[in-house]
Structure formats: C-alpha cells, structure tokens
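Visitor: Here's a structure for you.
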Amino acid sequence: MTCLLVSDLNSATLEPDVDVVVGPPFVYIDQVKSSLTDRIKIAAQNSWIGKGGAFTGEISAEQLKDIGCKWVILGHSERRHVIGEDDQFIGKKAAYALGQNLGVIACIGELLEEREAGKTFEVCFKQLKAYADAVPSWDNIVIAYEPVWAIGTGKVASPEQAQEVHVAVRDWLAKNVSPEVASKTRIIYGGSVNAGNSAELAKKEDIDGFLVGGASLKGSDFATIINSVTAKKVAA
C-alpha cells in the first residue's frame with residue numbers, strides 16, 4: 001500500500017507553487033523519505049514535549065529532525081479528545097518543535113456539541129491562545145482548522161462555514177499577535193476533504209490549503225486536491 005501510494009505521488013503532475021507535505025506513521029517515515037520525490041516534504045504525526053529522558057513510546061523532535069522530517073502535526077483532535085492532551089501541553093509541544101527547526105502544523109477545532117452550542121469561536125480562540133502563549137515565533141507555523149465533527153464522518157464544513165472560521169482566526173491573530181502574522185500565516189482546512197469538494201473550498205479567500213485524511217491514501221485523489229489551488233486562481 002505504501003509503495004503504491006508513493007509511486008502514484010511520484011508520477012503525479014502537481015501545481016508548482018503548492019507546498020506538499022505527507023505525514024506517514026512513524027514506522028514508515030524512513031521508507032517514504034527514501035523513496036518519495038524531494039518535491040514532497042515529510043511530516044510526523046506527533047512529537048514529544050521536550051528534550052531527552054525516558055519517555056517510552058514517544059518520539060522526540062530531535063529524532064524526527066535526524067530522520068529528515070521537516071514538519072510535525074500537533075494538536076490533532078485525536079490527540080486532544082482520545083489521548084487527552086490539553087491546550088497548554090500542545091502549545092509547549094509546538095514551542096519545542098519550533099526550537100528544533102521543525103515546522104508545525106498546529107491543529108484547532110471544535111466538537112459537534114460545541115458548534116451546536118455556538119462556541120466554535122470560543123473553543124478555537126482558546127486553542128490558538130495556548131499556541132500564542134508558548135511559541136517564540138509564527139514563522140514556521142501553519143494553522144489547520146479541523147472541525148472535529150467533520151473528521152472521518154463524511155460531513156464537511158460548507159465553504160462558507162470554513163471561511164467564516166478561517167477569517168475569524170485571521171482576525172484573532174491580527175488582534176492578539178500582529179497584523180503581519182495574520183497576513184502571512186497559512187490557515188488550512190481539514191475534515192472530510194476529498195477530490196470532489198476541494199475546488200469549492202479552495203475558492204474561499206482565507207482557505208490556504210488542506211489537511212487531508214482518508215483521501216490522501218489515493219494518489220490520484222490527493223493530486224486533485226493539491227491541484228485545486230487553480231480554483232483559487234480562477235476565483236481571484
């Protein structure tokens with residue numbers, strides 16, 4: 001499966017001005033790194049909060065850097081809601097990873113009951129603040145908005161729902177970090193993104209890309225999602 005996916009990605013024609021990152025499970029990182037085109041960078045799905053020590057089962061930022069990872073995904077909903085990591089813990093993880101020269105894909109997002117209670121912005125801003133309180137700089141951070149109710153469920157936030165949160169996140173950054181950071185930080189959307197809906201989502205001004213789950217396991221579909229950037233160019 002891994003070899004087929006790598007082969008499909010290596011042979012895909014990808015838009016030149018899109019940054020492409022894949023996040024294989026830890027045990028496949030070296031295999032993927034050695035066989036995948038340099039056009040696509042490697043991310044890990046998680047990393048530990050600090051340096052060294054006996055933390056059996058965890059992966060350190062130093063180890064990831066040593067094996068050639070450029071990025072790490074932190075704060076994903078499963079880490080928050082299944083594993084039990086809190087906002088401050090995730091913020092400290094992000095700060096440490098950045099200190100080891102890893103780029104951070106910083107996930108935020110609300111549960112279904114939080115959206116239905118009208119707390120989407122409150123939850124996302126609280127998660128953002130934990131990153132902002134911890135990180136030394138926003139230079140190597142991409143924010144990934146992933147409404148938890150849309151992950152793996154087939155339910156997708158409408159382009160309008162996603163844009164509404166993305167613009168609110170950008171506004172929060174402008175007010176609480178700086179207008180410059182708000183302008184240059186990429187905010188990507190995740191949650192049942194697929195080859196059929198990516199173009200409509202990509203047209204929205206504040207959706208700068210995607211964090212793709214299941215659809216990334218099909219090389220042709222993943223390439224279609226990557227190339228949906230053309231929809232934004234047309235919309236502009």
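So you can find residues: chains in the structure tokens are A, B, ... in the order shown, residues in each start at 1, and ligands are numbered from 1 in order.
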Just list the residues in range 2-104 of chain A DSSP gives strand (DSSP E) on the backbone, as a list in words.

Guide: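 Listing strand (DSSP E) positions across range 2-104 of chain A yields Val20, Val21, Val22, Ile40, Lys41, Ile42, Ala43, Ala44, Trp71, Val72, Ile73, Leu74, Gly103 and Val104 of chain A.
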
Visitor: Keeping only N, CA, C and O atoms, take the residues you just selected and write them out as a PDB file, in the first residue's frame.

Guide:
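For reference, selection20.pdb as written:
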```
ATOM      1  N   VAL A  20       3.719  20.739  -0.583  1.00  0.00           N
ATOM      2  CA  VAL A  20       3.069  19.450  -0.338  1.00  0.00           C
ATOM      3  C   VAL A  20       3.840  18.704   0.753  1.00  0.00           C
ATOM      4  O   VAL A  20       5.065  18.556   0.669  1.00  0.00           O
ATOM      5  N   VAL A  21       3.108  18.256   1.766  1.00  0.00           N
ATOM      6  CA  VAL A  21       3.701  17.552   2.903  1.00  0.00           C
ATOM      7  C   VAL A  21       2.862  16.305   3.167  1.00  0.00           C
ATOM      8  O   VAL A  21       1.627  16.382   3.152  1.00  0.00           O
ATOM      9  N   VAL A  22       3.510  15.160   3.391  1.00  0.00           N
ATOM     10  CA  VAL A  22       2.787  13.954   3.781  1.00  0.00           C
ATOM     11  C   VAL A  22       3.237  13.517   5.175  1.00  0.00           C
ATOM     12  O   VAL A  22       4.387  13.714   5.549  1.00  0.00           O
ATOM     13  N   ILE A  40       8.063  16.580  -2.395  1.00  0.00           N
ATOM     14  CA  ILE A  40       7.117  16.434  -1.287  1.00  0.00           C
ATOM     15  C   ILE A  40       7.891  16.249   0.010  1.00  0.00           C
ATOM     16  O   ILE A  40       8.770  15.399   0.105  1.00  0.00           O
ATOM     17  N   LYS A  41       7.578  17.064   1.008  1.00  0.00           N
ATOM     18  CA  LYS A  41       8.264  17.001   2.295  1.00  0.00           C
ATOM     19  C   LYS A  41       7.546  16.027   3.239  1.00  0.00           C
ATOM     20  O   LYS A  41       6.398  15.659   3.031  1.00  0.00           O
ATOM     21  N   ILE A  42       8.264  15.655   4.296  1.00  0.00           N
ATOM     22  CA  ILE A  42       7.753  14.661   5.244  1.00  0.00           C
ATOM     23  C   ILE A  42       7.419  15.313   6.584  1.00  0.00           C
ATOM     24  O   ILE A  42       8.216  16.092   7.120  1.00  0.00           O
ATOM     25  N   ALA A  43       6.248  14.964   7.104  1.00  0.00           N
ATOM     26  CA  ALA A  43       5.849  15.382   8.448  1.00  0.00           C
ATOM     27  C   ALA A  43       5.660  14.158   9.322  1.00  0.00           C
ATOM     28  O   ALA A  43       5.358  13.070   8.831  1.00  0.00           O
ATOM     29  N   ALA A  44       5.833  14.352  10.631  1.00  0.00           N
ATOM     30  CA  ALA A  44       5.447  13.319  11.594  1.00  0.00           C
ATOM     31  C   ALA A  44       4.059  13.666  12.130  1.00  0.00           C
ATOM     32  O   ALA A  44       3.614  14.806  12.044  1.00  0.00           O
ATOM     33  N   TRP A  71       8.403  18.756   9.104  1.00  0.00           N
ATOM     34  CA  TRP A  71       7.192  19.233   9.761  1.00  0.00           C
ATOM     35  C   TRP A  71       6.706  18.223  10.789  1.00  0.00           C
ATOM     36  O   TRP A  71       7.070  17.052  10.736  1.00  0.00           O
ATOM     37  N   VAL A  72       5.863  18.701  11.704  1.00  0.00           N
ATOM     38  CA  VAL A  72       5.171  17.813  12.631  1.00  0.00           C
ATOM     39  C   VAL A  72       3.744  18.338  12.825  1.00  0.00           C
ATOM     40  O   VAL A  72       3.520  19.552  12.869  1.00  0.00           O
ATOM     41  N   ILE A  73       2.786  17.416  12.886  1.00  0.00           N
ATOM     42  CA  ILE A  73       1.383  17.763  13.126  1.00  0.00           C
ATOM     43  C   ILE A  73       1.136  17.697  14.629  1.00  0.00           C
ATOM     44  O   ILE A  73       1.385  16.668  15.258  1.00  0.00           O
ATOM     45  N   LEU A  74       0.656  18.783  15.207  1.00  0.00           N
ATOM     46  CA  LEU A  74       0.416  18.817  16.656  1.00  0.00           C
ATOM     47  C   LEU A  74      -1.006  19.298  16.950  1.00  0.00           C
ATOM     48  O   LEU A  74      -1.569  20.100  16.216  1.00  0.00           O
ATOM     49  N   GLY A 103       8.879  22.654  11.253  1.00  0.00           N
ATOM     50  CA  GLY A 103       7.660  23.410  11.037  1.00  0.00           C
ATOM     51  C   GLY A 103       6.520  22.720  11.754  1.00  0.00           C
ATOM     52  O   GLY A 103       6.505  21.487  11.892  1.00  0.00           O
ATOM     53  N   VAL A 104       5.559  23.489  12.230  1.00  0.00           N
ATOM     54  CA  VAL A 104       4.441  22.932  12.993  1.00  0.00           C
ATOM     55  C   VAL A 104       3.118  23.170  12.259  1.00  0.00           C
ATOM     56  O   VAL A 104       2.799  24.307  11.896  1.00  0.00           O
TER      57      VAL A 104
END
```

Visitor: Give me, please, the distance in Å between CA of Glu15 in chain A and CA of Ile226 in chain A, quoted to one decimal.

Guide: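 Interatomic distance, CA of Glu15 in chain A to CA of Ile226 in chain A: 7.3 Å.
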
Visitor: List the neighbours of range 160-171 of chain A out to 8 Å using only C-alpha atoms; skip same-chain residues closer than 4 positions along the sequence, and give me the result as a PyMOL selection string.

Guide: chain A and resi 121+124-125+145+175+182-183+187+189+201+204-207

Visitor: Can you pull out the residues contacting Val123 in chain A? Cut-off 8 Å, using only C-alpha atoms, and skip same-chain residues under 2 positions away; I want them as a ChimeraX atom specification.

Guide: /A:109-110,114,119-121,125-127

Visitor: The selected residues should be written to file as an mmCIF file, in the first residue's frame (atoms: N, CA, C and O atoms).

Guide:
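Just written: again36.cif:
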```
data_model
loop_
_atom_site.group_PDB
_atom_site.id
_atom_site.type_symbol
_atom_site.label_atom_id
_atom_site.label_comp_id
_atom_site.auth_asym_id
_atom_site.auth_seq_id
_atom_site.Cartn_x
_atom_site.Cartn_y
_atom_site.Cartn_z
ATOM 1 N N GLY A 109 -9.916 23.141 16.497
ATOM 2 C CA GLY A 109 -11.228 22.737 16.011
ATOM 3 C C GLY A 109 -12.168 22.358 17.135
ATOM 4 O O GLY A 109 -11.731 21.969 18.221
ATOM 5 N N GLU A 110 -13.465 22.489 16.857
ATOM 6 C CA GLU A 110 -14.484 22.291 17.874
ATOM 7 C C GLU A 110 -15.226 20.971 17.690
ATOM 8 O O GLU A 110 -15.325 20.452 16.578
ATOM 9 N N GLU A 114 -20.019 21.549 20.757
ATOM 10 C CA GLU A 114 -19.532 22.919 20.925
ATOM 11 C C GLU A 114 -20.031 23.825 19.796
ATOM 12 O O GLU A 114 -20.408 24.975 20.026
ATOM 13 N N LYS A 119 -20.274 27.747 20.356
ATOM 14 C CA LYS A 119 -18.970 28.002 20.999
ATOM 15 C C LYS A 119 -17.779 27.799 20.057
ATOM 16 O O LYS A 119 -16.648 27.697 20.516
ATOM 17 N N THR A 120 -18.018 27.719 18.743
ATOM 18 C CA THR A 120 -16.932 27.438 17.801
ATOM 19 C C THR A 120 -15.780 28.417 17.964
ATOM 20 O O THR A 120 -14.623 28.018 18.126
ATOM 21 N N PHE A 121 -16.070 29.712 17.926
ATOM 22 C CA PHE A 121 -15.007 30.719 18.016
ATOM 23 C C PHE A 121 -14.329 30.667 19.384
ATOM 24 O O PHE A 121 -13.106 30.752 19.483
ATOM 25 N N PHE A 125 -10.395 29.985 19.585
ATOM 26 C CA PHE A 125 -9.552 31.070 20.096
ATOM 27 C C PHE A 125 -8.781 30.614 21.343
ATOM 28 O O PHE A 125 -7.624 30.994 21.541
ATOM 29 N N LYS A 126 -9.419 29.797 22.181
ATOM 30 C CA LYS A 126 -8.737 29.270 23.376
ATOM 31 C C LYS A 126 -7.558 28.376 22.959
ATOM 32 O O LYS A 126 -6.465 28.446 23.550
ATOM 33 N N GLN A 127 -7.781 27.557 21.951
ATOM 34 C CA GLN A 127 -6.703 26.694 21.460
ATOM 35 C C GLN A 127 -5.592 27.524 20.817
ATOM 36 O O GLN A 127 -4.398 27.250 21.007
#
```

Visitor: Need to verify the contact set: range 23-39 of chain A, 8 Å, only C-alpha atoms, exclusion of same-chain residues closer than 5 positions in sequence. Can you return it as a list in words?

Guide: Thr2, Val6, Ser7, Leu9, Asn10, Ala44, Gln45, Ile67, Gly68, Val72 and Ile73 of chain A

Visitor: Write to file, as a PDB file, in the first residue's frame, the residues of the selection just made, with N, CA and C atoms.

Guide:
```pdb
ATOM      1  N   THR A   2       1.864   1.285   0.899  1.00  0.00           N
ATOM      2  CA  THR A   2       2.747   2.445   0.986  1.00  0.00           C
ATOM      3  C   THR A   2       3.509   2.631  -0.315  1.00  0.00           C
ATOM      4  N   VAL A   6       3.293   5.897  -2.784  1.00  0.00           N
ATOM      5  CA  VAL A   6       4.499   6.665  -3.118  1.00  0.00           C
ATOM      6  C   VAL A   6       4.692   6.718  -4.623  1.00  0.00           C
ATOM      7  N   SER A   7       4.501   5.588  -5.281  1.00  0.00           N
ATOM      8  CA  SER A   7       4.634   5.540  -6.740  1.00  0.00           C
ATOM      9  C   SER A   7       3.644   6.483  -7.415  1.00  0.00           C
ATOM     10  N   LEU A   9       2.254   9.164  -6.141  1.00  0.00           N
ATOM     11  CA  LEU A   9       2.630  10.554  -5.868  1.00  0.00           C
ATOM     12  C   LEU A   9       3.849  10.971  -6.679  1.00  0.00           C
ATOM     13  N   ASN A  10       4.798  10.049  -6.831  1.00  0.00           N
ATOM     14  CA  ASN A  10       5.993  10.363  -7.619  1.00  0.00           C
ATOM     15  C   ASN A  10       5.664  10.644  -9.077  1.00  0.00           C
ATOM     16  N   ALA A  44       5.833  14.352  10.631  1.00  0.00           N
ATOM     17  CA  ALA A  44       5.447  13.319  11.594  1.00  0.00           C
ATOM     18  C   ALA A  44       4.059  13.666  12.130  1.00  0.00           C
ATOM     19  N   GLN A  45       3.391  12.672  12.688  1.00  0.00           N
ATOM     20  CA  GLN A  45       2.031  12.880  13.180  1.00  0.00           C
ATOM     21  C   GLN A  45       1.984  13.357  14.624  1.00  0.00           C
ATOM     22  N   ILE A  67      15.891  12.076  11.153  1.00  0.00           N
ATOM     23  CA  ILE A  67      15.469  11.171  10.074  1.00  0.00           C
ATOM     24  C   ILE A  67      15.017  11.942   8.826  1.00  0.00           C
ATOM     25  N   GLY A  68      15.003  13.273   8.931  1.00  0.00           N
ATOM     26  CA  GLY A  68      14.724  14.072   7.742  1.00  0.00           C
ATOM     27  C   GLY A  68      13.352  14.701   7.680  1.00  0.00           C
ATOM     28  N   VAL A  72       5.863  18.701  11.704  1.00  0.00           N
ATOM     29  CA  VAL A  72       5.171  17.813  12.631  1.00  0.00           C
ATOM     30  C   VAL A  72       3.744  18.338  12.825  1.00  0.00           C
ATOM     31  N   ILE A  73       2.786  17.416  12.886  1.00  0.00           N
ATOM     32  CA  ILE A  73       1.383  17.763  13.126  1.00  0.00           C
ATOM     33  C   ILE A  73       1.136  17.697  14.629  1.00  0.00           C
TER      34      ILE A  73
END
```

Visitor: Pick the closest to Ser220 in chain A from A:Ala195, A:Lys129, A:Glu146, A:Asp208: which is it, counting only C-alpha atoms?

Guide: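 The closest residue to Ser220 in chain A is A:Ala195.
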
Visitor: Could you give me the residues within range 28-234 of chain A that DSSP places in helix (DSSP H, G or I), as a PyMOL selection string?

Guide: chain A and resi 28-35+61-67+77-83+87-99+112-116+120-134+148-150+159-176+179-184+198-202+214-217+219-226+229-234

Visitor: Between A:Leu211, A:Asn176, A:Trp149, A:Gly50, which residue has the minimum interatomic distance to Ala106 in chain A, considering only C-alpha atoms?

Guide: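 For Ala106 in chain A, the nearest of the candidates is A:Leu211.
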
Visitor: Using only C-alpha atoms, pick whichever of A:Lys218, A:Val212, A:Thr230, A:Ile188 has the shortest atom-to-atom distance to Glu200 in chain A.

Guide: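 Of the candidates, the smallest distance to Glu200 in chain A is held by A:Thr230.
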
Visitor: Would you please work out which residue, of A:Ser198, A:Ser47, A:Asn227, A:Ser77, is nearest to Thr13 in chain A when using only C-alpha atoms?

Guide: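 Of all the options, A:Asn227 lies closest to Thr13 in chain A.
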
Visitor: To one decimal in Å, tell me the separation between CA of Glu62 in chain A and CA of Gln100 in chain A.

Guide: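 Result for CA of Glu62 in chain A versus CA of Gln100 in chain A: 6.7 Å, one decimal.
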
Visitor: Name the closest residue to Val82 in chain A among the candidates A:Gly213, A:Val148, A:Ser158, A:Ile49; distances are taken between atoms, counting only C-alpha atoms.

Guide: A:Val148
